[in-house]
Every structure is written in C-alpha cells, then in structure tokens.
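S.K.: Got a file for you: coords14.txt, compact mmCIF, C-alpha atoms.
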```txt
# COMPACT_ATOMS: atom_id res chain seq x y z
CA MET A 1 -90.06 16.60 13.64
CA GLU A 2 -91.87 18.13 10.65
CA THR A 3 -90.86 20.94 8.34
CA LYS A 4 -92.44 24.18 9.41
CA SER A 5 -95.83 24.80 7.90
CA LYS A 6 -95.71 27.67 5.44
CA ASN A 7 -98.13 29.23 3.04
CA ARG A 8 -96.47 28.58 -0.29
CA ALA A 9 -97.42 29.88 -3.70
CA SER A 10 -98.85 27.40 -6.18
CA ARG A 11 -95.67 27.52 -8.27
CA ASN A 12 -93.40 27.02 -5.26
CA ARG A 13 -91.31 23.89 -5.89
CA THR A 14 -89.46 23.75 -2.57
CA ILE A 15 -88.81 20.18 -1.45
CA THR A 16 -90.51 19.51 1.89
CA LEU A 17 -91.20 16.56 4.18
CA ASP A 18 -94.30 15.41 6.00
CA ASN A 19 -94.28 13.30 9.17
CA GLY A 20 -94.78 10.08 7.23
CA GLU A 21 -91.76 10.75 5.01
CA ILE A 22 -89.61 11.63 8.01
CA SER A 23 -90.63 8.41 9.75
CA ARG A 24 -89.72 6.37 6.65
CA LEU A 25 -86.54 8.19 5.66
CA ARG A 26 -84.97 8.33 9.13
CA LYS A 27 -84.72 4.52 8.94
CA LYS A 28 -82.24 4.94 6.08
CA LEU A 29 -79.90 7.15 8.12
CA VAL A 30 -76.70 5.67 9.51
CA LYS A 31 -75.39 5.91 13.09
CA ILE A 32 -71.94 4.67 14.01
CA ASP A 33 -70.27 4.13 17.37
CA LYS A 34 -67.21 2.10 16.36
CA PRO A 35 -64.77 1.86 13.45
CA VAL A 36 -66.52 1.05 10.16
CA SER A 37 -65.54 -0.21 6.73
CA ILE A 38 -66.15 1.60 3.45
CA SER A 39 -69.05 -0.73 2.63
CA ASP A 40 -70.79 0.33 5.86
CA ILE A 41 -70.99 4.00 4.82
CA GLU A 42 -70.71 4.10 1.03
CA ASN A 43 -73.67 5.93 -0.52
CA LYS A 44 -75.05 6.62 2.95
CA THR A 45 -76.13 9.65 4.96
CA ILE A 46 -74.69 9.68 8.49
CA ASN A 47 -76.82 11.58 11.01
CA GLN A 48 -74.32 12.50 13.72
CA ASP A 49 -71.93 15.17 14.95
CA ILE A 50 -68.73 14.98 12.90
CA PHE A 51 -66.60 15.40 16.03
CA GLN A 52 -68.06 12.19 17.45
CA ILE A 53 -67.47 9.98 14.42
CA LEU A 54 -64.56 11.17 12.26
CA ASP A 55 -62.21 8.89 14.18
CA PHE A 56 -64.40 5.89 13.27
CA LEU A 57 -64.18 6.40 9.50
CA PRO A 58 -61.78 4.30 7.35
CA ASP A 59 -58.31 5.41 6.29
CA ASN A 60 -57.58 6.64 2.78
CA PHE A 61 -61.01 6.18 1.19
CA VAL A 62 -61.91 9.69 -0.01
CA ASN A 63 -61.13 11.03 -3.50
CA LEU A 64 -62.80 14.41 -3.14
CA VAL A 65 -63.96 16.49 -0.17
CA PHE A 66 -66.48 19.27 -0.62
CA VAL A 67 -67.08 21.23 2.58
CA ASP A 68 -69.55 24.05 3.18
CA PRO A 69 -69.06 24.60 6.92
CA PRO A 70 -70.88 27.18 9.04
CA TYR A 71 -69.39 30.58 8.29
CA ASN A 72 -68.20 32.74 11.15
CA LEU A 73 -71.53 34.44 11.81
CA ASN A 74 -74.69 33.89 13.82
CA LYS A 75 -76.86 31.43 11.94
CA THR A 76 -79.67 29.08 12.89
CA PHE A 77 -79.89 25.69 11.17
CA ASN A 78 -83.25 24.17 12.10
CA LEU A 79 -82.60 22.86 15.65
CA THR A 80 -78.97 23.96 15.93
CA ALA A 81 -77.25 27.33 15.84
CA PHE A 82 -73.75 28.57 15.10
CA LYS A 83 -72.43 31.57 17.00
CA ALA A 84 -69.93 34.04 15.60
CA MET A 85 -66.57 34.07 17.40
CA GLU A 86 -63.24 35.86 17.31
CA SER A 87 -61.35 35.08 14.12
CA GLU A 88 -58.63 33.20 16.01
CA LYS A 89 -61.24 31.01 17.73
CA TYR A 90 -62.96 30.29 14.42
CA GLU A 91 -59.60 29.30 12.99
CA GLU A 92 -59.11 26.88 15.89
CA TRP A 93 -62.57 25.43 15.25
CA LEU A 94 -61.76 24.88 11.58
CA ASP A 95 -58.44 23.27 12.45
CA SER A 96 -60.10 20.88 14.90
CA TRP A 97 -61.91 18.99 12.12
CA VAL A 98 -59.72 19.72 9.08
CA GLN A 99 -56.79 17.86 10.67
CA LYS A 100 -59.04 14.83 11.28
CA ILE A 101 -60.03 14.69 7.60
CA ILE A 102 -56.43 14.23 6.44
CA ARG A 103 -56.37 10.57 7.50
CA LEU A 104 -59.39 9.84 5.31
CA LEU A 105 -57.85 11.09 2.07
CA LYS A 106 -56.35 9.14 -0.78
CA PRO A 107 -52.90 10.42 -1.89
CA ASN A 108 -54.35 12.17 -4.98
CA ALA A 109 -57.39 13.65 -3.20
CA SER A 110 -58.69 17.18 -3.62
CA VAL A 111 -60.38 19.33 -0.98
CA TYR A 112 -62.72 22.28 -1.58
CA ILE A 113 -63.76 24.46 1.38
CA CYS A 114 -66.34 27.23 1.11
CA GLY A 115 -66.28 30.53 2.99
CA ASP A 116 -67.41 34.15 2.93
CA TRP A 117 -65.19 37.21 3.18
CA LYS A 118 -65.03 37.05 6.97
CA SER A 119 -64.08 33.36 7.17
CA SER A 120 -61.94 33.09 4.05
CA GLY A 121 -58.74 34.28 5.73
CA ALA A 122 -59.14 31.78 8.55
CA ILE A 123 -59.70 28.98 6.04
CA PHE A 124 -56.50 29.95 4.22
CA ASN A 125 -54.48 29.94 7.44
CA VAL A 126 -55.69 26.43 8.29
CA VAL A 127 -55.48 24.69 4.92
CA LYS A 128 -52.01 26.02 4.11
CA LYS A 129 -50.70 23.92 7.03
CA TYR A 130 -52.00 20.64 5.63
CA PHE A 131 -52.58 20.94 1.89
CA GLN A 132 -51.25 22.44 -1.30
CA ILE A 133 -53.46 25.41 -2.16
CA GLN A 134 -54.11 25.37 -5.89
CA ASN A 135 -56.54 28.26 -6.24
CA ARG A 136 -59.24 30.41 -4.69
CA ILE A 137 -62.52 30.38 -6.59
CA THR A 138 -64.88 33.31 -6.13
CA PHE A 139 -68.49 32.96 -7.19
CA GLU A 140 -71.13 35.64 -7.51
CA ARG A 141 -73.97 35.22 -5.06
CA GLU A 142 -76.63 37.32 -6.77
CA LYS A 143 -79.22 36.64 -4.07
CA GLY A 144 -79.58 38.85 -0.98
CA ARG A 145 -80.54 42.25 0.34
CA GLY A 146 -78.70 45.49 -0.39
CA ALA A 147 -76.74 47.48 2.18
CA LYS A 148 -77.21 51.19 2.97
CA SER A 149 -73.85 51.89 4.58
CA ASN A 150 -71.61 49.30 2.92
CA TRP A 151 -71.08 47.37 -0.29
CA LYS A 152 -73.56 44.56 -0.70
CA ASN A 153 -72.02 41.16 0.00
CA CYS A 154 -72.61 39.18 -3.19
CA SER A 155 -69.63 36.85 -3.44
CA GLU A 156 -68.26 33.80 -1.67
CA ASP A 157 -64.99 31.90 -1.92
CA ILE A 158 -64.10 28.26 -2.40
CA TRP A 159 -60.53 27.24 -1.56
CA PHE A 160 -59.27 24.51 -3.90
CA CYS A 161 -56.59 22.40 -2.23
CA THR A 162 -54.89 19.09 -2.94
CA PHE A 163 -53.19 16.53 -0.74
CA SER A 164 -50.17 16.42 -3.04
CA ASP A 165 -48.97 17.66 -6.40
CA LYS A 166 -50.55 14.62 -8.05
CA TYR A 167 -54.28 15.13 -8.41
CA ASN A 168 -57.11 14.82 -10.90
CA PHE A 169 -58.34 17.91 -12.76
CA ASP A 170 -60.47 17.39 -15.88
CA VAL A 171 -60.63 20.79 -17.55
CA ASP A 172 -62.66 19.47 -20.50
CA ALA A 173 -65.45 18.38 -18.14
CA VAL A 174 -66.06 21.91 -16.89
CA LYS A 175 -65.87 24.04 -20.00
CA MET A 176 -68.48 26.74 -20.35
CA THR A 177 -70.63 28.07 -23.18
CA ARG A 178 -70.60 31.88 -23.36
CA LYS A 179 -72.43 34.33 -25.57
CA VAL A 180 -70.21 36.07 -28.09
CA ILE A 181 -70.56 39.81 -27.52
CA ALA A 182 -68.15 41.00 -30.23
CA PRO A 183 -67.95 38.19 -32.82
CA TYR A 184 -64.63 38.11 -34.68
CA LYS A 185 -64.39 36.70 -38.20
CA ASP A 186 -61.38 35.64 -40.23
CA GLU A 187 -60.36 37.07 -43.58
CA ASN A 188 -62.92 34.86 -45.33
CA GLY A 189 -65.76 36.09 -43.14
CA ASN A 190 -66.06 32.87 -41.13
CA PRO A 191 -66.57 32.86 -37.37
CA LYS A 192 -63.27 32.43 -35.50
CA ASP A 193 -63.54 30.18 -32.41
CA TRP A 194 -67.30 30.60 -32.15
CA GLU A 195 -70.45 29.29 -33.81
CA ILE A 196 -73.65 30.83 -35.16
CA THR A 197 -76.82 29.09 -33.94
CA GLU A 198 -80.52 29.87 -34.20
CA ASN A 199 -80.41 30.88 -30.53
CA GLY A 200 -77.43 33.23 -30.79
CA ASN A 201 -73.66 33.25 -31.12
CA TYR A 202 -71.70 31.11 -28.63
CA ARG A 203 -68.20 29.89 -27.93
CA ILE A 204 -66.84 27.19 -25.64
CA THR A 205 -64.41 28.63 -23.08
CA HIS A 206 -62.05 27.29 -20.46
CA PRO A 207 -63.22 27.66 -16.85
CA SER A 208 -61.79 30.40 -14.66
CA ASN A 209 -61.73 30.97 -10.91
CA ILE A 210 -64.46 33.63 -11.19
CA TRP A 211 -67.92 32.07 -11.47
CA THR A 212 -70.71 34.44 -12.52
CA ASP A 213 -73.09 31.76 -13.81
CA ILE A 214 -74.35 30.47 -10.45
CA THR A 215 -77.99 30.81 -9.38
CA ILE A 216 -78.61 30.42 -5.65
CA PRO A 217 -81.60 28.07 -5.12
CA PHE A 218 -84.92 29.82 -4.62
CA TRP A 219 -88.59 28.84 -4.35
CA SER A 220 -89.31 28.10 -8.02
CA MET A 221 -86.27 25.83 -8.55
CA PRO A 222 -86.91 22.09 -8.19
CA GLU A 223 -83.73 21.62 -6.11
CA ASN A 224 -84.73 24.21 -3.48
CA THR A 225 -85.18 23.30 0.19
CA ASP A 226 -85.71 25.33 3.36
CA HIS A 227 -82.05 24.94 4.34
CA PRO A 228 -80.75 28.51 4.90
CA THR A 229 -77.35 28.09 3.20
CA GLN A 230 -78.03 25.55 0.45
CA LYS A 231 -75.39 25.47 -2.28
CA PRO A 232 -76.56 25.13 -5.92
CA GLU A 233 -76.26 21.78 -7.66
CA LYS A 234 -74.56 23.52 -10.57
CA LEU A 235 -71.79 24.83 -8.32
CA VAL A 236 -71.12 21.43 -6.78
CA ALA A 237 -71.25 19.79 -10.22
CA LYS A 238 -68.33 21.94 -11.38
CA VAL A 239 -66.24 20.74 -8.45
CA ILE A 240 -67.17 17.08 -8.80
CA LEU A 241 -66.63 16.94 -12.56
CA ALA A 242 -63.28 18.74 -12.39
CA SER A 243 -61.78 16.91 -9.42
CA SER A 244 -63.16 13.37 -9.43
CA LYS A 245 -63.74 10.44 -11.76
CA PRO A 246 -66.76 8.13 -12.13
CA ASN A 247 -67.13 5.83 -9.10
CA ASP A 248 -64.82 8.00 -6.97
CA ILE A 249 -65.99 8.70 -3.42
CA VAL A 250 -67.10 12.26 -2.65
CA PHE A 251 -67.20 13.18 1.04
CA ASP A 252 -69.11 16.04 2.70
CA PRO A 253 -68.87 16.33 6.52
CA PHE A 254 -71.41 19.21 6.66
CA LEU A 255 -73.96 17.79 4.24
CA GLY A 256 -76.93 20.04 5.05
CA SER A 257 -79.88 19.13 2.84
CA GLY A 258 -77.77 16.83 0.68
CA THR A 259 -76.62 18.72 -2.41
CA THR A 260 -73.14 17.15 -2.53
CA SER A 261 -74.47 13.59 -2.30
CA VAL A 262 -77.27 14.33 -4.77
CA VAL A 263 -74.91 15.74 -7.40
CA ALA A 264 -72.42 12.93 -6.84
CA LYS A 265 -75.17 10.40 -7.53
CA LYS A 266 -76.34 12.28 -10.63
CA LEU A 267 -72.81 12.30 -12.01
CA GLY A 268 -72.00 8.65 -11.33
CA ARG A 269 -69.88 9.09 -8.23
CA LYS A 270 -70.19 7.44 -4.81
CA TYR A 271 -70.82 9.55 -1.75
CA VAL A 272 -70.65 9.77 2.03
CA GLY A 273 -72.38 12.64 3.79
CA ILE A 274 -72.59 13.66 7.45
CA ASP A 275 -74.95 16.09 9.13
CA ILE A 276 -76.02 16.56 12.73
CA ASP A 277 -79.62 17.53 11.92
CA GLU A 278 -82.05 14.67 11.30
CA LEU A 279 -84.49 16.77 9.27
CA TYR A 280 -81.79 17.82 6.81
CA CYS A 281 -80.55 14.24 6.56
CA CYS A 282 -84.08 13.12 5.70
CA LEU A 283 -84.29 15.87 3.07
CA ALA A 284 -81.03 14.57 1.63
CA GLU A 285 -82.46 11.05 1.42
CA LYS A 286 -85.62 12.29 -0.26
CA ARG A 287 -83.58 14.19 -2.83
CA LEU A 288 -81.41 11.13 -3.42
CA GLU A 289 -84.52 9.10 -4.17
CA MET A 290 -85.66 11.79 -6.61
CA VAL A 291 -82.42 11.36 -8.59
CA ASP A 292 -83.68 7.99 -9.80
CA ASN A 293 -86.27 9.84 -11.92
CA ASP A 294 -84.38 13.04 -12.74
CA LYS A 295 -80.63 13.40 -13.19
CA THR A 296 -80.69 16.87 -14.74
CA ILE A 297 -78.67 19.73 -13.28
CA GLN A 298 -79.93 23.23 -14.01
CA GLY A 299 -77.42 25.13 -16.13
CA TYR A 300 -75.55 21.99 -17.27
CA SER A 301 -76.38 19.91 -20.32
CA ASP A 302 -74.56 17.79 -22.89
CA GLY A 303 -71.25 18.11 -21.06
CA VAL A 304 -71.08 21.92 -20.96
CA PHE A 305 -72.08 24.56 -18.41
CA TRP A 306 -74.22 27.45 -19.59
CA GLU A 307 -74.26 31.07 -18.46
CA ARG A 308 -77.04 32.10 -16.12
CA ASN A 309 -80.33 33.05 -17.82
CA THR A 310 -79.37 31.67 -21.22
CA LEU A 311 -81.91 29.61 -23.16
CA ASN A 312 -80.48 26.21 -22.28
CA GLU A 313 -80.30 27.01 -18.57
CA GLN A 314 -83.90 28.24 -18.51
CA ASN A 315 -85.09 25.09 -20.27
CA ASN A 316 -82.77 22.90 -18.20
CA GLY A 317 -81.60 21.07 -21.30
CA LYS A 318 -85.11 19.90 -22.25
CA ASN A 319 -85.64 21.99 -25.37
CA LYS A 320 -84.76 19.47 -28.08
CA LYS A 321 -84.17 22.00 -30.81
CA SER A 322 -81.80 23.92 -28.57
CA GLU A 323 -80.06 20.69 -27.61
CA ASN A 324 -79.40 19.83 -31.25
CA ASN A 325 -77.89 23.25 -31.90
CA HIS A 326 -75.77 22.89 -28.79
CA ASN A 327 -74.49 19.45 -29.84
CA LEU A 328 -73.39 20.86 -33.20
CA LEU A 329 -71.59 23.71 -31.46
CA PHE A 330 -69.98 21.41 -28.93
CA ASP A 331 -68.71 18.97 -31.56
CA LYS A 332 -67.16 21.70 -33.70
CA LEU A 333 -65.43 23.69 -30.98
CA LEU A 334 -63.97 21.00 -28.74
```
Go ahead and render the structure in this file as structure tokens.

M.R.:
Amino acid sequence: METKSKNRASRNRTITLDNGEISRLRKKLVKIDKPVSISDIENKTINQDIFQILDFLPDNFVNLVFVDPPYNLNKTFNLTAFKAMESEKYEEWLDSWVQKIIRLLKPNASVYICGDWKSSGAIFNVVKKYFQIQNRITFEREKGRGAKSNWKNCSEDIWFCTFSDKYNFDVDAVKMTRKVIAPYKDENGNPKDWEITENGNYRITHPSNIWTDITIPFWSMPENTDHPTQKPEKLVAKVILASSKPNDIVFDPFLGSGTTSVVAKKLGRKYVGIDIDELYCCLAEKRLEMVDNDKTIQGYSDGVFWERNTLNEQNNGKNKKSENNHNLLFDKLL
C-alpha cells in the first residue's frame, strides 16, 4: 500500500510515504482484541475500526477528546468511503459511538466534535443527551471553490462539551495577538492596551468562539498530507492548550493522518489515536517521529496565537528579531 504517485512541484512539502516506510511504520501500529490497560495504548496509534475496539478500552482514562468524524456527505478516504444519509440516520450513527466514549472519560473531561453546516444540528442533538454543551466554535475555512448558485461554504463548527460542570479551561494559554487597526492612546499619548513594535501595532486579546486565523493545510505547508479532510495543527493546538494540562491524555477516535496525536506530543500531552486506514496510521507515525526534530506549530509562538498572514505566522516563530519584539509585547500586556 503506497501513497499515490503524483507529480509534485519542487516546493511541495506534502508528507508522503514510500513502501519501505510503510513496511517499517506498520510495525508500530497497535491491534487489540481484548480489554487493555492504559499502558498498552498510551502514546500509540491503533489501526482498527472504532466500533470493534471501543469496548476494549479502559474506563475513565481520557482527559480530552477531539473528534473530527466523517461529515454527512459522500467522501472517499483512501480505501474507505463515507456515504451521505438522511439526517436522522446520521444522528443515529453519531450516537452509536458517542455513547461508547462516555465510559472512557474522566469526570472533568472535555469533548470537542467537529462538523459542517449539514452535520452540526445532528451533533447538537446527540451531545446534548450526554454532555454539558459549553459553546459552539465556528472557524473560517478559507480554502475551497466558489459556488455559482449559493453562498460559498467557508466555515465549520466545533461543539465544545464537558462531562460535568467541573472542567479545565486555560484562557491564558490561548490568547491571541491581533493587529491594532485604530490605536487608542490615553491623555498622555501612550498606547492603551496595545504595544508599538518595529513590525506594527499589536494587542493581546482573549479568545472568542469565532476563529478567523486558521489556515487549512496545503501543499507548501510542512504539516500537509494527502488526507482529504486534514485539520490544521494550529486549530487542534487551541483545543489542547485550552482544555488539557501537560501529561493529560488526548483521545481521537477518528485520527486520520495524525494531527491530534502530533499536536498533543508537541505540547507535552499523552495521546491515543484510532483510525481504520493503515496508510493514514503510518502517516501519523511518521509525523510523530518528525516531532522529535521540530515542535513548532505554524501560527503559534511564545505562548500566543497569531493572526493569519502576520509576520510571525509566516516565519513560524523563527525570525529572532520578531520573537524578541513579541516577547516584550507579551510580557507587558499579560
């Protein structure tokens, strides 16, 4: 099983696998056919159908769940395909695995479930039965074709739920640096709640449930793979930093090419990921190995997220002069 051969531009940074890598990495994948302990699956990629193994996973071991399930549309994922169904049937499908996840959660766990406009209502109807819904995040998906007879679909939702009213949320870990469009000064002419830097005027802001700073992975980004619905590392980083602590276990039952596990490892969390497709699981393992040499997350540096297409995001935190200016700003405003 080899990634499809494509003619790629010289600057294309998409992560691919050859037959030798697949042969080596598939040996790292986990298969289970009986109840397992946390040590059996911690920091592992499980290559199986979730419906066959959820009952084998331990009780109460998960701090945070991030789920990006197939949306209710026709989509091919390498060797498997998801078929669109009536909304009620899709809701039943969601319910069939959401209810099995409950047993895995710690009392203070958080659950984030992604969806588009067609599936979002079904997700709401399911999660309200089992969890406390804290918020609905909407992020701008700037990638995609236009529509001639409708509004272009350029947003997706993430439902933020908790198992109880006691949960972790670290607002300081997910603050964002924004450009100051209309800088306000006090009576002495000093900037009020913002800072002048050589690269522009910025302020640190609290995060909202509207995310316009997300870049969907594409061919020139070092995190890109051929997975058709890959979520950005920056997006997952926001969730992990806000709703987990170092060494917490982050669980993703639809891992895809591994973004959740990769970001968890970069941010000092433990992880357990499941996916039915062996190729994607091998991609996840390759990306996890790459973390040992590069823990950067595009659009996030020095403890703050940056708006899309700002200097620090473009340089991925590697421009030292910009980093120094950012540290000064961060220290003064927090």

S.K.: Applying 7 Å and all atoms listed in the file, which residues near A:Asp68 remain after dropping the ones on its own chain fewer than 3 positions away? List them as a JSON list (two decimals) with C-alpha atoms, keeping the file's coordinate frame.

M.R.:
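The result, written out as result_11.json:
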```
[["chain", "number", "residue", "atom", "x", "y", "z"],
["A", 113, "ILE", "CA", -63.76, 24.46, 1.38],
["A", 114, "CYS", "CA", -66.34, 27.23, 1.11],
["A", 254, "PHE", "CA", -71.41, 19.21, 6.66]]
```

S.K.: Quick one: pull the distance between atom CA of A:Asp275 and atom CA of A:Gly256, Å, one decimal.

M.R.: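 Those two atoms sit 6.0 Å apart.
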
S.K.: Enumerate, as a VMD selection string, the protein, DNA and RNA residues whose atoms approach (-84.5, 18.5, 6.9) to within 8 Å, taking into account all atoms listed in the file and the coordinate frame of the file.

M.R.: chain A and resid 3 16 to 17 78 226 to 227 256 to 257 277 to 284

S.K.: Would you output that residue set with C-alpha atoms, as a compact mmCIF listing (two decimals), in the coordinates of the input?

M.R.:
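The resulting result_19.txt:
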```
# COMPACT_ATOMS: atom_id res chain seq x y z
CA THR A 3 -90.86 20.94 8.34
CA THR A 16 -90.51 19.51 1.89
CA LEU A 17 -91.20 16.56 4.18
CA ASN A 78 -83.25 24.17 12.10
CA ASP A 226 -85.71 25.33 3.36
CA HIS A 227 -82.05 24.94 4.34
CA GLY A 256 -76.93 20.04 5.05
CA SER A 257 -79.88 19.13 2.84
CA ASP A 277 -79.62 17.53 11.92
CA GLU A 278 -82.05 14.67 11.30
CA LEU A 279 -84.49 16.77 9.27
CA TYR A 280 -81.79 17.82 6.81
CA CYS A 281 -80.55 14.24 6.56
CA CYS A 282 -84.08 13.12 5.70
CA LEU A 283 -84.29 15.87 3.07
CA ALA A 284 -81.03 14.57 1.63
```

S.K.: Nearest to A:Gln298 among A:Asn43, A:Ser87, A:Thr76, A:Thr310, with distances taken over all atoms listed in the file: which residue is it?

M.R.: A:Thr310

S.K.: Using all atoms listed in the file, which residues sit within 8 Å of stretch 141-145 of chain A once same-chain residues fewer than 2 positions away are excluded, as a list in words?

M.R.: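 Skipping anything fewer than 2 positions along the chain leaves Phe139, Ala147, Lys152, Asn153, Cys154, Ser155, Glu156, Ile214, Thr215 and Ile216 of chain A.
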
S.K.: Restricting the calculation to all atoms listed in the file: of A:Ile102, A:Ala237, A:Ile204, A:Ala109, which residue gets closest to A:Lys166?

M.R.: A:Ala109

S.K.: Check the smallest atom-to-atom distance from each of A:Lys75, A:Lys286, A:Arg136, A:Lys27 to A:Tyr112 using all atoms listed in the file, then report the winner.

M.R.: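 Ranking A:Lys75, A:Lys286, A:Arg136, A:Lys27 by distance to A:Tyr112, first place goes to A:Arg136.
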
S.K.: Could you give me, as a PDB file with C-alpha atoms, in the coordinates of the input, the residues within 8 Å of stretch 240-251 of chain A, counting all atoms listed in the file and dropping anything in the same chain fewer than 6 positions from it?

M.R.:
```pdb
ATOM      1  CA  GLU A  42     -70.710   4.100   1.030  1.00  0.00           C
ATOM      2  CA  PHE A  61     -61.010   6.180   1.190  1.00  0.00           C
ATOM      3  CA  VAL A  62     -61.910   9.690  -0.010  1.00  0.00           C
ATOM      4  CA  ASN A  63     -61.130  11.030  -3.500  1.00  0.00           C
ATOM      5  CA  LEU A  64     -62.800  14.410  -3.140  1.00  0.00           C
ATOM      6  CA  VAL A  65     -63.960  16.490  -0.170  1.00  0.00           C
ATOM      7  CA  PHE A  66     -66.480  19.270  -0.620  1.00  0.00           C
ATOM      8  CA  SER A 110     -58.690  17.180  -3.620  1.00  0.00           C
ATOM      9  CA  TYR A 167     -54.280  15.130  -8.410  1.00  0.00           C
ATOM     10  CA  ASN A 168     -57.110  14.820 -10.900  1.00  0.00           C
ATOM     11  CA  PHE A 169     -58.340  17.910 -12.760  1.00  0.00           C
ATOM     12  CA  ASP A 170     -60.470  17.390 -15.880  1.00  0.00           C
ATOM     13  CA  VAL A 171     -60.630  20.790 -17.550  1.00  0.00           C
ATOM     14  CA  ALA A 173     -65.450  18.380 -18.140  1.00  0.00           C
ATOM     15  CA  VAL A 174     -66.060  21.910 -16.890  1.00  0.00           C
ATOM     16  CA  THR A 260     -73.140  17.150  -2.530  1.00  0.00           C
ATOM     17  CA  SER A 261     -74.470  13.590  -2.300  1.00  0.00           C
ATOM     18  CA  VAL A 263     -74.910  15.740  -7.400  1.00  0.00           C
ATOM     19  CA  ALA A 264     -72.420  12.930  -6.840  1.00  0.00           C
ATOM     20  CA  LEU A 267     -72.810  12.300 -12.010  1.00  0.00           C
ATOM     21  CA  GLY A 268     -72.000   8.650 -11.330  1.00  0.00           C
ATOM     22  CA  ARG A 269     -69.880   9.090  -8.230  1.00  0.00           C
ATOM     23  CA  LYS A 270     -70.190   7.440  -4.810  1.00  0.00           C
ATOM     24  CA  TYR A 271     -70.820   9.550  -1.750  1.00  0.00           C
ATOM     25  CA  VAL A 272     -70.650   9.770   2.030  1.00  0.00           C
ATOM     26  CA  GLY A 273     -72.380  12.640   3.790  1.00  0.00           C
TER      27      GLY A 273
END
```

S.K.: Just how far from atom CA of A:Asn150 is atom CA of A:Gly115, in Å to one decimal?

M.R.: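 About the pair atom CA of A:Gly115 and atom CA of A:Asn150: they are 19.5 Å apart.
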
S.K.: Using atom CA of A:Ser23 and atom CA of A:Pro228 as the two end points, give the distance in Å to one decimal.

M.R.: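 Distance between the two atoms: 22.9 Å.
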
S.K.: Tell me which protein, DNA and RNA residues are within 12 Å of stretch 71-73 of chain A, counting only C-alpha atoms, leaving out same-chain ones fewer than 6 positions away, and put them as a ChimeraX atom specification.

M.R.: /A:81-94,113-123,156-157,229,254

S.K.: Which residue, A:Leu235, A:Leu29, A:Ile38, A:Ile50, has the smallest gap to A:Ile210 when you use all atoms listed in the file?

M.R.: A:Leu235
